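> Have a look at this one before I ask anything.
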Amino acid sequence: MGAAAGPAAAPPDEEAPQPPAHWQADIVAADGGTVHLRPICPEDAEGLTGLMERSSDQTRYYRFFGPMKRLSDRDLHRFTHVDHTDRVAFVLLLGEQLIGVGRYDRYPGTTDAEVAFLVEDAHQGRGLGSVLLEHLAAAARERGITNFVAEVLTQNGRMVRVFLDAGYQATRSYEEGVVHLTFPIAPTETSLAVAYEREQRSESRSIARLLTPRSVAVVGASNDEAKIGNLVLRNLLDHGFEGPVYPVNPGARHVRGVPAYASIEAIPDDVDLAVVAVPADEVAGVVEACRRKRVRGLVVISGGFGETGPAGREAERRLVASARASGMRVVGPNCLGIVNTDPAIRLDASLAPRVPARGRVGFFAQSGALGVALLERARSRNIGLSSFVSAGNRADVSGNDLLQYWATDPGTEVVLLHLESFGNPRKFARLARTVARTKPVVAVKSGRHGGLTPGLAGTSVAVPEQSVAALFASAGVIRVETVAQLFEVGLLLAHQPLPDGDRVAVVGNSTAMGVLVADAVLDQGLALAHEAPVDIGTNGSPEAFRAALQAAVDDDGVDSVVAVFLPPLVRTPPDEFGRVLREVAAGSAKPVVATFLSAEGVPPELTVPDDAGMPARGSVPSYSTPERAVIALARVTEYARWRRRPMGTVPELAGVDAARARSVVLGAMAESPAGRPLTDDETLELLAAYGVPLLGTRTATTADEAVAAADAVGYPVVLKSTAPWLRHRTDLGGVRLDLPDAAAVRAAFAAIPAGDPVIVQEMAAPGVATVVEVVDDPSFGALVSFGVGGVATELLGDRAYRTLPLTDLDAAELVRAPRAWPLLDGWRGAERVDVAALEDLLLRVARLADDLPEVLGLSLSPVIVGPVNPWHGGRSLVVAGATVRVGPPTARVQPGPRRMRD
């Protein structure tokens, strides 16, 4: 693989600055293996020579357009000495071996650069050319380059496809057997989509390498049953892993009757997966041995790393860096292990005494300590798993990686997540939104009130609760509050169809229980399909129960059914009623849940296995209380509504002048690189550039100026102090309303505490005061918030949040999300406000935040919105106050080229 060398260039400046640290990255290749990418340096001369020697004649010919055997000393110096500005080169490393190189050379005096690659034959077809192109393009954009040029021999079809398939709009010409390609390197929707698709395939395959090994070594296997190495080996053997299992123990000839090896390198055959259960200080040596053995993945159960403090986190970082550089992904350390119940694999590389049976649910748990209890809870609830991963300290493999894998895994239909923190919240939101469109994602997030556990704080991202709620709501994640709810919702999703609506029928043999269910239905925001529950009576027969259930599932006015049953009140064995319940549910296209109370527990007929040994579709989830059944049903109903909802679009907005707005922000940043609040004049200009409807406003420092400003904007007017402690405070005299003439203006100016300028503003017509804000979280990104103004709503925290980008449907939901929404919707006979104008304002504010990541905070308060019928100059909505703070961008910067989480 190759393309022509770049144009001739002057010798580089030996004093050129060092490349940025973020130009280094660990990368997942297309086959799931990992490589390390970094800028080239003079010390790479030997590695580059080795790459040339290992490359075939054809590869060298494609790269240099001639039979070049080796690089001259002059060329070697030119290729390894770059200025990291006009001449940039990246190398790919697998362990210590240089396996690929890509570079660009700027054409002098232009914003164009020629790009070229060379990838070793043994590593071609792994998508490394595409990775190099992405990273070179990102670096080039930072250096002011706008276009790449490539010269490729016509017979080098693989390299031509690298450029054409990247999603850029390339122009092509042909001359004497050479394809000349020119393309702009600015990101496009197509190029980002291509990058995301490649990222998904690569990361999915990297997890598949861990979950579908052909052979497993247990490093630290022991005959001592008190040691974890003994338990891991026993579970692998007892679960019936289909491939060979190799115990590694230098002090034993056999472990649990299986021949042992002194080291992993002593194993005569290939090893796909190594499970490491040795003391922390021995792990680094094991990783190095695995590198030499070319092991494909690691599960590090050993503790003593990031959970112990800074020294442990540094050792953990070195462990992961060493493994990734050698092509390996790492689960852990300090984890429970991994499980794959596929009958063709039968992998139980975990510490769990028992694991659930085969099923349709993929389960990710961050905690290693809780993992055993979580798996036992899943098993006791009869939730069959497709696969399970306990990430422990989550130093490498994270929940995002598992989402990538489960997105296309045919054996997984439901995803359960137990999360303590986020490694990359923005990526999680993107992935979860995609997965949830076809497979339900259920998550319980611990630390809602207390933050992260201390041991994980150095490797995790603490995300505020409002951000988590907005993330889950935008991504369609079914959020639950407890582990019990996680499994209760998962049980329903695994065995029952999604409801088409929120109308619930209640069928049972107890009036009291039926009323409890009806109350729970209404408490959870669902609707009762009938005025009263259907009650067959305490002496009702199985046939009567069948008839009532069948009538409910056949009723077009019913979307789901809750069955409640008290077996002690009848003489017929509970099994008969359980069989009826399962048979009706099996033939229903609507979800059926049950509260089937019995001294003997849940009748086995409710969850019989199918031909694959998994709980059959139509098995009826039974809950210990009717409230728990309805809570699970409500969560699933809300998810079904989200999934039916169209995706929404980010609309084009009239009257947006992004260039004008950016000049305001960049001007402020030039004056104060660390950031500052915008002045009132800057704020007005910024908002005007995005078509935000502002009241006529002037600033005055004297009474005469205030009167002149009032004459200009038109009476009646408002005077506001600009002092931070008085701004918007009518109770402290900082705001004077409804001033009808010059005399009133002079009196108000005199009454406002002196020392700061005042704002003179036209008086808004009556309406409902609302508040629109942009809140920036450094680790998460920007949220748009909305609420009705007033002390009561501020005291109660009645604000709703959504993540960027905001679609038209997101804006509509955001306006209606606060509990005070009825005040905008014509409460108690009031005229309904112009909701469409509010939605438009939210879209404009979100567009501003998305376009300008330097805007770290924005508040529009109050936003006065009135009826749809025009008033006050034809406007139904005006912004009466605004503040903006700018600073260095945080997490909202456009994501760069593909890389593994640091």
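By order of appearance in the structure tokens: chains A, B, ..., then residues from 1 within every chain, and ligands from 1 in the order shown.
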With a distance cut-off of 10 Å and only C-alpha atoms, select the neighbouring residues of Pro19 in chain A, excluding the residue or stretch itself and same-chain residues fewer than 6 positions from it, and output the selection as a list of chain:residue names.

A:Arg38, A:Pro39, A:Ile40, A:Cys41, A:Val82, A:Asp83, A:His84, A:Thr85, A:Val88, A:Ala139

> Residues near range 859-868 of chain A, anyone? I mean within 6 Å using only C-alpha atoms, not counting same-chain ones fewer than 3 positions away, as a PyMOL selection string.

chain A and resi 767-773+832-834+876-883

> With C-alpha atoms retained, write the just-selected residues as a tab-separated table (two decimals), in the first residue's frame.


chain	number	residue	atom	x	y	z
A	767	GLY	CA	-46.89	37.39	29.59
A	768	VAL	CA	-45.35	34.38	31.31
A	769	ALA	CA	-41.74	34.76	32.43
A	770	THR	CA	-39.50	31.85	31.48
A	771	VAL	CA	-35.79	31.11	31.67
A	772	VAL	CA	-33.54	29.63	28.97
A	773	GLU	CA	-29.94	28.71	29.77
A	832	ARG	CA	-52.18	29.63	25.64
A	833	VAL	CA	-48.79	31.23	24.99
A	834	ASP	CA	-46.90	31.07	21.70
A	876	SER	CA	-45.25	37.25	21.07
A	877	LEU	CA	-41.87	36.55	22.69
A	878	VAL	CA	-39.08	38.86	23.83
A	879	VAL	CA	-35.89	38.44	25.83
A	880	ALA	CA	-35.66	41.03	28.60
A	881	GLY	CA	-32.31	40.05	30.13
A	882	ALA	CA	-29.23	38.12	29.08
A	883	THR	CA	-25.77	37.25	30.33

> May I have the residues within 9 Å of Phe388 in chain A as a PDB file with all heavy atoms, in the first residue's frame, using only C-alpha atoms and disregarding those fewer than 5 positions away in the same chain?


ATOM      1  N   GLY A 337     -14.568 -10.513  35.733  1.00  0.00           N
ATOM      2  CA  GLY A 337     -14.307 -11.375  34.587  1.00  0.00           C
ATOM      3  C   GLY A 337     -15.342 -11.221  33.500  1.00  0.00           C
ATOM      4  O   GLY A 337     -16.126 -10.260  33.485  1.00  0.00           O
ATOM      5  N   ILE A 338     -15.364 -12.179  32.574  1.00  0.00           N
ATOM      6  CA  ILE A 338     -16.265 -12.121  31.423  1.00  0.00           C
ATOM      7  C   ILE A 338     -16.937 -13.468  31.225  1.00  0.00           C
ATOM      8  O   ILE A 338     -16.406 -14.515  31.625  1.00  0.00           O
ATOM      9  CB  ILE A 338     -15.520 -11.702  30.138  1.00  0.00           C
ATOM     10  CG1 ILE A 338     -14.455 -12.740  29.752  1.00  0.00           C
ATOM     11  CG2 ILE A 338     -14.891 -10.330  30.316  1.00  0.00           C
ATOM     12  CD1 ILE A 338     -13.740 -12.420  28.450  1.00  0.00           C
ATOM     13  N   VAL A 339     -18.118 -13.423  30.589  1.00  0.00           N
ATOM     14  CA  VAL A 339     -18.906 -14.632  30.339  1.00  0.00           C
ATOM     15  C   VAL A 339     -19.505 -14.532  28.950  1.00  0.00           C
ATOM     16  O   VAL A 339     -19.991 -13.470  28.546  1.00  0.00           O
ATOM     17  CB  VAL A 339     -20.036 -14.794  31.384  1.00  0.00           C
ATOM     18  CG1 VAL A 339     -20.929 -15.983  31.041  1.00  0.00           C
ATOM     19  CG2 VAL A 339     -19.471 -14.942  32.799  1.00  0.00           C
ATOM     20  N   ASN A 340     -19.481 -15.645  28.211  1.00  0.00           N
ATOM     21  CA  ASN A 340     -20.194 -15.762  26.946  1.00  0.00           C
ATOM     22  C   ASN A 340     -20.917 -17.096  26.958  1.00  0.00           C
ATOM     23  O   ASN A 340     -20.289 -18.151  26.972  1.00  0.00           O
ATOM     24  CB  ASN A 340     -19.226 -15.693  25.761  1.00  0.00           C
ATOM     25  CG  ASN A 340     -19.947 -15.704  24.415  1.00  0.00           C
ATOM     26  OD1 ASN A 340     -21.161 -15.883  24.348  1.00  0.00           O
ATOM     27  ND2 ASN A 340     -19.195 -15.517  23.339  1.00  0.00           N
ATOM     28  N   THR A 341     -22.260 -17.044  26.951  1.00  0.00           N
ATOM     29  CA  THR A 341     -23.058 -18.273  27.077  1.00  0.00           C
ATOM     30  C   THR A 341     -23.348 -18.943  25.744  1.00  0.00           C
ATOM     31  O   THR A 341     -24.059 -19.954  25.716  1.00  0.00           O
ATOM     32  CB  THR A 341     -24.389 -17.966  27.777  1.00  0.00           C
ATOM     33  OG1 THR A 341     -25.139 -17.039  26.982  1.00  0.00           O
ATOM     34  CG2 THR A 341     -24.158 -17.380  29.168  1.00  0.00           C
ATOM     35  N   VAL A 361     -29.921 -11.254  26.770  1.00  0.00           N
ATOM     36  CA  VAL A 361     -29.561 -10.010  27.445  1.00  0.00           C
ATOM     37  C   VAL A 361     -28.046  -9.887  27.555  1.00  0.00           C
ATOM     38  O   VAL A 361     -27.374 -10.789  28.058  1.00  0.00           O
ATOM     39  CB  VAL A 361     -30.196  -9.946  28.846  1.00  0.00           C
ATOM     40  CG1 VAL A 361     -29.743  -8.687  29.580  1.00  0.00           C
ATOM     41  CG2 VAL A 361     -31.719  -9.991  28.746  1.00  0.00           C
ATOM     42  N   GLY A 362     -27.511  -8.752  27.084  1.00  0.00           N
ATOM     43  CA  GLY A 362     -26.116  -8.414  27.313  1.00  0.00           C
ATOM     44  C   GLY A 362     -26.011  -7.554  28.558  1.00  0.00           C
ATOM     45  O   GLY A 362     -26.774  -6.598  28.733  1.00  0.00           O
ATOM     46  N   PHE A 363     -25.076  -7.888  29.451  1.00  0.00           N
ATOM     47  CA  PHE A 363     -25.015  -7.241  30.754  1.00  0.00           C
ATOM     48  C   PHE A 363     -23.605  -6.727  31.009  1.00  0.00           C
ATOM     49  O   PHE A 363     -22.637  -7.485  30.959  1.00  0.00           O
ATOM     50  CB  PHE A 363     -25.433  -8.248  31.840  1.00  0.00           C
ATOM     51  CG  PHE A 363     -25.485  -7.703  33.237  1.00  0.00           C
ATOM     52  CD1 PHE A 363     -25.602  -6.338  33.481  1.00  0.00           C
ATOM     53  CD2 PHE A 363     -25.427  -8.565  34.322  1.00  0.00           C
ATOM     54  CE1 PHE A 363     -25.654  -5.847  34.774  1.00  0.00           C
ATOM     55  CE2 PHE A 363     -25.473  -8.087  35.615  1.00  0.00           C
ATOM     56  CZ  PHE A 363     -25.590  -6.722  35.844  1.00  0.00           C
ATOM     57  N   PHE A 364     -23.505  -5.404  31.268  1.00  0.00           N
ATOM     58  CA  PHE A 364     -22.231  -4.779  31.607  1.00  0.00           C
ATOM     59  C   PHE A 364     -22.313  -4.248  33.025  1.00  0.00           C
ATOM     60  O   PHE A 364     -23.254  -3.539  33.376  1.00  0.00           O
ATOM     61  CB  PHE A 364     -21.922  -3.618  30.660  1.00  0.00           C
ATOM     62  CG  PHE A 364     -20.711  -2.810  31.055  1.00  0.00           C
ATOM     63  CD1 PHE A 364     -19.440  -3.214  30.695  1.00  0.00           C
ATOM     64  CD2 PHE A 364     -20.852  -1.651  31.802  1.00  0.00           C
ATOM     65  CE1 PHE A 364     -18.322  -2.473  31.070  1.00  0.00           C
ATOM     66  CE2 PHE A 364     -19.750  -0.900  32.182  1.00  0.00           C
ATOM     67  CZ  PHE A 364     -18.479  -1.323  31.818  1.00  0.00           C
ATOM     68  N   ALA A 365     -21.335  -4.612  33.841  1.00  0.00           N
ATOM     69  CA  ALA A 365     -21.268  -4.108  35.208  1.00  0.00           C
ATOM     70  C   ALA A 365     -19.895  -3.501  35.423  1.00  0.00           C
ATOM     71  O   ALA A 365     -18.879  -4.160  35.185  1.00  0.00           O
ATOM     72  CB  ALA A 365     -21.523  -5.225  36.216  1.00  0.00           C
ATOM     73  N   LEU A 375     -24.768 -10.845  39.179  1.00  0.00           N
ATOM     74  CA  LEU A 375     -25.017 -12.054  38.389  1.00  0.00           C
ATOM     75  C   LEU A 375     -25.980 -12.999  39.105  1.00  0.00           C
ATOM     76  O   LEU A 375     -26.836 -13.627  38.477  1.00  0.00           O
ATOM     77  CB  LEU A 375     -23.700 -12.776  38.098  1.00  0.00           C
ATOM     78  CG  LEU A 375     -22.874 -12.248  36.937  1.00  0.00           C
ATOM     79  CD1 LEU A 375     -21.632 -13.104  36.730  1.00  0.00           C
ATOM     80  CD2 LEU A 375     -23.684 -12.196  35.647  1.00  0.00           C
TER      81      LEU A 375
END

> Nearest to Val553 in chain A among A:Ala29, A:Val504, A:Ala710, A:Ala594, with distances taken over only C-alpha atoms: which residue is it?

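Among A:Ala29, A:Val504, A:Ala710, A:Ala594, it is A:Val504 that comes nearest to Val553 in chain A.
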
> Give me the residues near Ala186 in chain A as a PyMOL selection string, where near means some atom within 9 Å (using only C-alpha atoms) and where sequence neighbours in that chain fewer than 2 positions away do not count.

chain A and resi 137-138+141+146-147+168+184+188+191

> I need the residues from that last selection saved to file as a tab-separated table (two decimals), in the first residue's frame (with N, CA and C atoms), if you can.


chain	number	residue	atom	x	y	z
A	137	ALA	N	-5.40	14.35	8.51
A	137	ALA	CA	-6.34	15.41	8.16
A	137	ALA	C	-6.62	16.30	9.37
A	138	ALA	N	-6.78	15.68	10.55
A	138	ALA	CA	-7.02	16.48	11.76
A	138	ALA	C	-5.83	17.38	12.07
A	141	ARG	N	-5.68	20.28	9.53
A	141	ARG	CA	-6.66	21.34	9.80
A	141	ARG	C	-6.15	22.26	10.90
A	146	THR	N	-6.26	23.11	4.06
A	146	THR	CA	-7.67	22.88	3.71
A	146	THR	C	-7.88	21.74	2.74
A	147	ASN	N	-6.85	21.40	1.95
A	147	ASN	CA	-7.02	20.37	0.92
A	147	ASN	C	-5.84	19.41	0.92
A	168	TYR	N	-14.91	12.12	1.85
A	168	TYR	CA	-14.62	13.45	1.32
A	168	TYR	C	-15.03	13.51	-0.15
A	184	PRO	N	-11.12	18.45	-0.24
A	184	PRO	CA	-11.10	19.25	0.99
A	184	PRO	C	-11.17	18.32	2.20
A	188	THR	N	-17.24	16.40	7.11
A	188	THR	CA	-18.58	16.48	6.55
A	188	THR	C	-19.45	15.44	7.24
A	191	SER	N	-18.21	12.12	6.00
A	191	SER	CA	-16.93	11.65	6.53
A	191	SER	C	-17.06	11.24	8.00

> Provide the CA of Ala846 in chain A to CA of Val774 in chain A distance in Å, to one decimal place.

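These atoms are spaced 7.8 Å apart.
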
> Show me, as a PyMOL selection string, the residues that have an atom within 7 Å of range 665-682 of chain A when counting only C-alpha atoms, minus same-chain residues fewer than 5 positions from it.

chain A and resi 884-888

> Using N, CA and C atoms, can you write the selected residues to a file as an mmCIF file, in the first residue's frame?


data_model
loop_
_atom_site.group_PDB
_atom_site.id
_atom_site.type_symbol
_atom_site.label_atom_id
_atom_site.label_comp_id
_atom_site.auth_asym_id
_atom_site.auth_seq_id
_atom_site.Cartn_x
_atom_site.Cartn_y
_atom_site.Cartn_z
ATOM 1 N N VAL A 884 -23.822 36.339 29.232
ATOM 2 C CA VAL A 884 -23.040 35.338 28.496
ATOM 3 C C VAL A 884 -21.627 35.336 29.054
ATOM 4 N N ARG A 885 -21.076 34.146 29.239
ATOM 5 C CA ARG A 885 -19.690 34.001 29.659
ATOM 6 C C ARG A 885 -18.945 33.166 28.635
ATOM 7 N N VAL A 886 -17.761 33.614 28.223
ATOM 8 C CA VAL A 886 -16.962 32.877 27.256
ATOM 9 C C VAL A 886 -15.649 32.461 27.904
ATOM 10 N N GLY A 887 -15.038 31.433 27.328
ATOM 11 C CA GLY A 887 -13.767 30.933 27.830
ATOM 12 C C GLY A 887 -13.237 29.860 26.906
ATOM 13 N N PRO A 888 -12.079 29.274 27.225
ATOM 14 C CA PRO A 888 -11.520 28.210 26.377
ATOM 15 C C PRO A 888 -12.496 27.047 26.252
#

> List every residue of range 826-889 of chain A that DSSP, applied to the backbone of this structure, places in strand (DSSP E), and write the result as a list in words.

Val855, Leu856, Gly857, Leu858, Ser859, Leu860, Ser861, Pro862, Val863, Ile864, Val865, Leu877, Val878, Val879, Ala882, Thr883, Val884, Arg885 and Val886 of chain A

> Within range 163-278 of chain A, find each residue whose DSSP state, derived from the backbone, is helix (DSSP H, G or I), and express the selection as a JSON list (two decimals) with N, CA, C and O atoms, in the first residue's frame.


[["chain", "number", "residue", "atom", "x", "y", "z"],
["A", 163, "PHE", "N", -8.89, 6.76, -0.14],
["A", 163, "PHE", "CA", -9.26, 8.16, -0.29],
["A", 163, "PHE", "C", -10.73, 8.32, -0.66],
["A", 163, "PHE", "O", -11.44, 9.16, -0.09],
["A", 164, "LEU", "N", -11.20, 7.53, -1.59],
["A", 164, "LEU", "CA", -12.57, 7.71, -2.09],
["A", 164, "LEU", "C", -13.61, 7.27, -1.06],
["A", 164, "LEU", "O", -14.71, 7.82, -1.03],
["A", 189, "GLU", "N", -20.75, 15.54, 7.05],
["A", 189, "GLU", "CA", -21.64, 14.53, 7.63],
["A", 189, "GLU", "C", -21.27, 13.15, 7.13],
["A", 189, "GLU", "O", -21.29, 12.16, 7.88],
["A", 190, "THR", "N", -20.89, 13.08, 5.85],
["A", 190, "THR", "CA", -20.53, 11.77, 5.28],
["A", 190, "THR", "C", -19.23, 11.26, 5.88],
["A", 190, "THR", "O", -19.13, 10.08, 6.26],
["A", 191, "SER", "N", -18.21, 12.12, 6.00],
["A", 191, "SER", "CA", -16.93, 11.65, 6.53],
["A", 191, "SER", "C", -17.06, 11.24, 8.00],
["A", 191, "SER", "O", -16.45, 10.26, 8.44],
["A", 192, "LEU", "N", -17.87, 11.97, 8.78],
["A", 192, "LEU", "CA", -18.09, 11.58, 10.17],
["A", 192, "LEU", "C", -18.85, 10.27, 10.25],
["A", 192, "LEU", "O", -18.53, 9.41, 11.08],
["A", 193, "ALA", "N", -19.85, 10.10, 9.38],
["A", 193, "ALA", "CA", -20.60, 8.84, 9.39],
["A", 193, "ALA", "C", -19.70, 7.67, 9.04],
["A", 193, "ALA", "O", -19.80, 6.58, 9.63],
["A", 194, "VAL", "N", -18.81, 7.86, 8.06],
["A", 194, "VAL", "CA", -17.87, 6.81, 7.69],
["A", 194, "VAL", "C", -16.96, 6.47, 8.86],
["A", 194, "VAL", "O", -16.72, 5.30, 9.18],
["A", 195, "ALA", "N", -16.45, 7.51, 9.53],
["A", 195, "ALA", "CA", -15.56, 7.28, 10.68],
["A", 195, "ALA", "C", -16.28, 6.54, 11.79],
["A", 195, "ALA", "O", -15.73, 5.62, 12.41],
["A", 196, "TYR", "N", -17.53, 6.93, 12.08],
["A", 196, "TYR", "CA", -18.28, 6.26, 13.14],
["A", 196, "TYR", "C", -18.57, 4.80, 12.79],
["A", 196, "TYR", "O", -18.51, 3.92, 13.64],
["A", 197, "GLU", "N", -18.88, 4.55, 11.52],
["A", 197, "GLU", "CA", -19.16, 3.17, 11.10],
["A", 197, "GLU", "C", -17.90, 2.31, 11.23],
["A", 197, "GLU", "O", -17.95, 1.17, 11.71],
["A", 198, "ARG", "N", -16.77, 2.85, 10.82],
["A", 198, "ARG", "CA", -15.52, 2.10, 10.95],
["A", 198, "ARG", "C", -15.16, 1.89, 12.42],
["A", 198, "ARG", "O", -14.68, 0.82, 12.81],
["A", 199, "GLU", "N", -15.39, 2.91, 13.23],
["A", 199, "GLU", "CA", -15.13, 2.79, 14.66],
["A", 199, "GLU", "C", -15.99, 1.67, 15.25],
["A", 199, "GLU", "O", -15.51, 0.86, 16.06],
["A", 200, "GLN", "N", -17.26, 1.62, 14.86],
["A", 200, "GLN", "CA", -18.15, 0.58, 15.39],
["A", 200, "GLN", "C", -17.66, -0.81, 15.02],
["A", 200, "GLN", "O", -17.59, -1.71, 15.87],
["A", 201, "ARG", "N", -17.30, -1.00, 13.78],
["A", 201, "ARG", "CA", -16.84, -2.33, 13.35],
["A", 201, "ARG", "C", -15.56, -2.71, 14.09],
["A", 201, "ARG", "O", -15.41, -3.85, 14.54],
["A", 202, "SER", "N", -14.63, -1.78, 14.21],
["A", 202, "SER", "CA", -13.36, -2.09, 14.83],
["A", 202, "SER", "C", -13.53, -2.42, 16.31],
["A", 202, "SER", "O", -13.00, -3.43, 16.80],
["A", 203, "GLU", "N", -14.25, -1.56, 17.02],
["A", 203, "GLU", "CA", -14.40, -1.78, 18.46],
["A", 203, "GLU", "C", -15.25, -3.01, 18.74],
["A", 203, "GLU", "O", -15.00, -3.73, 19.72],
["A", 204, "SER", "N", -16.24, -3.27, 17.89],
["A", 204, "SER", "CA", -17.03, -4.49, 18.05],
["A", 204, "SER", "C", -16.15, -5.74, 17.89],
["A", 204, "SER", "O", -16.25, -6.70, 18.66],
["A", 205, "ARG", "N", -15.28, -5.72, 16.89],
["A", 205, "ARG", "CA", -14.42, -6.88, 16.68],
["A", 205, "ARG", "C", -13.40, -7.03, 17.81],
["A", 205, "ARG", "O", -13.00, -8.15, 18.15],
["A", 206, "SER", "N", -12.98, -5.90, 18.39],
["A", 206, "SER", "CA", -12.02, -6.01, 19.49],
["A", 206, "SER", "C", -12.66, -6.69, 20.70],
["A", 206, "SER", "O", -12.00, -7.45, 21.41],
["A", 207, "ILE", "N", -13.96, -6.44, 20.93],
["A", 207, "ILE", "CA", -14.65, -7.11, 22.03],
["A", 207, "ILE", "C", -14.94, -8.57, 21.66],
["A", 207, "ILE", "O", -14.86, -9.47, 22.50],
["A", 208, "ALA", "N", -15.25, -8.81, 20.40],
["A", 208, "ALA", "CA", -15.48, -10.20, 19.96],
["A", 208, "ALA", "C", -14.22, -11.05, 20.17],
["A", 208, "ALA", "O", -14.32, -12.23, 20.50],
["A", 209, "ARG", "N", -13.05, -10.47, 19.98],
["A", 209, "ARG", "CA", -11.81, -11.21, 20.22],
["A", 209, "ARG", "C", -11.71, -11.66, 21.67],
["A", 209, "ARG", "O", -11.17, -12.73, 21.97],
["A", 210, "LEU", "N", -12.24, -10.84, 22.59],
["A", 210, "LEU", "CA", -12.21, -11.20, 24.00],
["A", 210, "LEU", "C", -13.27, -12.25, 24.34],
["A", 210, "LEU", "O", -13.02, -13.16, 25.13],
["A", 211, "LEU", "N", -14.46, -12.11, 23.76],
["A", 211, "LEU", "CA", -15.59, -12.96, 24.14],
["A", 211, "LEU", "C", -15.66, -14.26, 23.36],
["A", 211, "LEU", "O", -16.42, -15.17, 23.73],
["A", 228, "ILE", "N", -8.03, -17.11, 43.83],
["A", 228, "ILE", "CA", -8.94, -16.81, 42.72],
["A", 228, "ILE", "C", -8.52, -17.52, 41.44],
["A", 228, "ILE", "O", -9.36, -17.82, 40.59],
["A", 229, "GLY", "N", -7.22, -17.81, 41.27],
["A", 229, "GLY", "CA", -6.80, -18.54, 40.09],
["A", 229, "GLY", "C", -7.39, -19.93, 40.02],
["A", 229, "GLY", "O", -7.65, -20.46, 38.93],
["A", 230, "ASN", "N", -7.65, -20.54, 41.18],
["A", 230, "ASN", "CA", -8.30, -21.84, 41.22],
["A", 230, "ASN", "C", -9.75, -21.72, 40.79],
["A", 230, "ASN", "O", -10.26, -22.54, 39.99],
["A", 231, "LEU", "N", -10.44, -20.68, 41.28],
["A", 231, "LEU", "CA", -11.86, -20.50, 40.96],
["A", 231, "LEU", "C", -12.05, -20.20, 39.48],
["A", 231, "LEU", "O", -12.97, -20.74, 38.84],
["A", 232, "VAL", "N", -11.21, -19.35, 38.91],
["A", 232, "VAL", "CA", -11.35, -19.04, 37.48],
["A", 232, "VAL", "C", -11.18, -20.29, 36.64],
["A", 232, "VAL", "O", -11.97, -20.56, 35.72],
["A", 233, "LEU", "N", -10.14, -21.07, 36.94],
["A", 233, "LEU", "CA", -9.91, -22.29, 36.16],
["A", 233, "LEU", "C", -11.07, -23.26, 36.33],
["A", 233, "LEU", "O", -11.52, -23.88, 35.35],
["A", 234, "ARG", "N", -11.56, -23.40, 37.56],
["A", 234, "ARG", "CA", -12.67, -24.32, 37.78],
["A", 234, "ARG", "C", -13.91, -23.91, 36.98],
["A", 234, "ARG", "O", -14.58, -24.73, 36.36],
["A", 235, "ASN", "N", -14.20, -22.60, 36.96],
["A", 235, "ASN", "CA", -15.37, -22.13, 36.22],
["A", 235, "ASN", "C", -15.21, -22.37, 34.72],
["A", 235, "ASN", "O", -16.17, -22.73, 34.03],
["A", 236, "LEU", "N", -14.02, -22.14, 34.19],
["A", 236, "LEU", "CA", -13.78, -22.40, 32.78],
["A", 236, "LEU", "C", -14.02, -23.86, 32.44],
["A", 236, "LEU", "O", -14.67, -24.20, 31.43],
["A", 237, "LEU", "N", -13.52, -24.74, 33.28],
["A", 237, "LEU", "CA", -13.66, -26.18, 33.02],
["A", 237, "LEU", "C", -15.09, -26.64, 33.24],
["A", 237, "LEU", "O", -15.65, -27.38, 32.42],
["A", 238, "ASP", "N", -15.72, -26.21, 34.33],
["A", 238, "ASP", "CA", -17.07, -26.67, 34.64],
["A", 238, "ASP", "C", -18.09, -26.15, 33.64],
["A", 238, "ASP", "O", -19.10, -26.82, 33.37],
["A", 264, "ILE", "N", 3.51, -18.40, 30.30],
["A", 264, "ILE", "CA", 2.61, -18.40, 29.14],
["A", 264, "ILE", "C", 3.38, -18.65, 27.86],
["A", 264, "ILE", "O", 2.86, -19.23, 26.90],
["A", 265, "GLU", "N", 4.66, -18.26, 27.84],
["A", 265, "GLU", "CA", 5.48, -18.50, 26.65],
["A", 265, "GLU", "C", 5.85, -19.96, 26.48],
["A", 265, "GLU", "O", 6.26, -20.38, 25.39],
["A", 266, "ALA", "N", 5.71, -20.74, 27.55],
["A", 266, "ALA", "CA", 6.01, -22.17, 27.45],
["A", 266, "ALA", "C", 4.88, -22.96, 26.81],
["A", 266, "ALA", "O", 5.06, -24.12, 26.45]]

> Extract, using only C-alpha atoms, all DNA, RNA and protein residues at most 6 Å from Val480 in chain A, discarding same-chain residues fewer than 2 positions from it, and format them as a PyMOL selection string.

chain A and resi 444+482+485

> For those residues, write N, CA and C atoms to a file as a compact mmCIF listing (two decimals), in the first residue's frame.


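Writing the result to again37.txt gives the following:
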# COMPACT_ATOMS: atom_id res chain seq x y z
N VAL A 444 -28.75 1.56 35.29
CA VAL A 444 -28.80 2.10 36.64
C VAL A 444 -27.47 2.78 36.88
N THR A 482 -32.79 1.51 40.84
CA THR A 482 -32.18 0.47 41.67
C THR A 482 -31.77 -0.72 40.81
N GLN A 485 -34.79 -2.83 40.00
CA GLN A 485 -35.54 -2.35 38.84
C GLN A 485 -34.81 -2.67 37.54
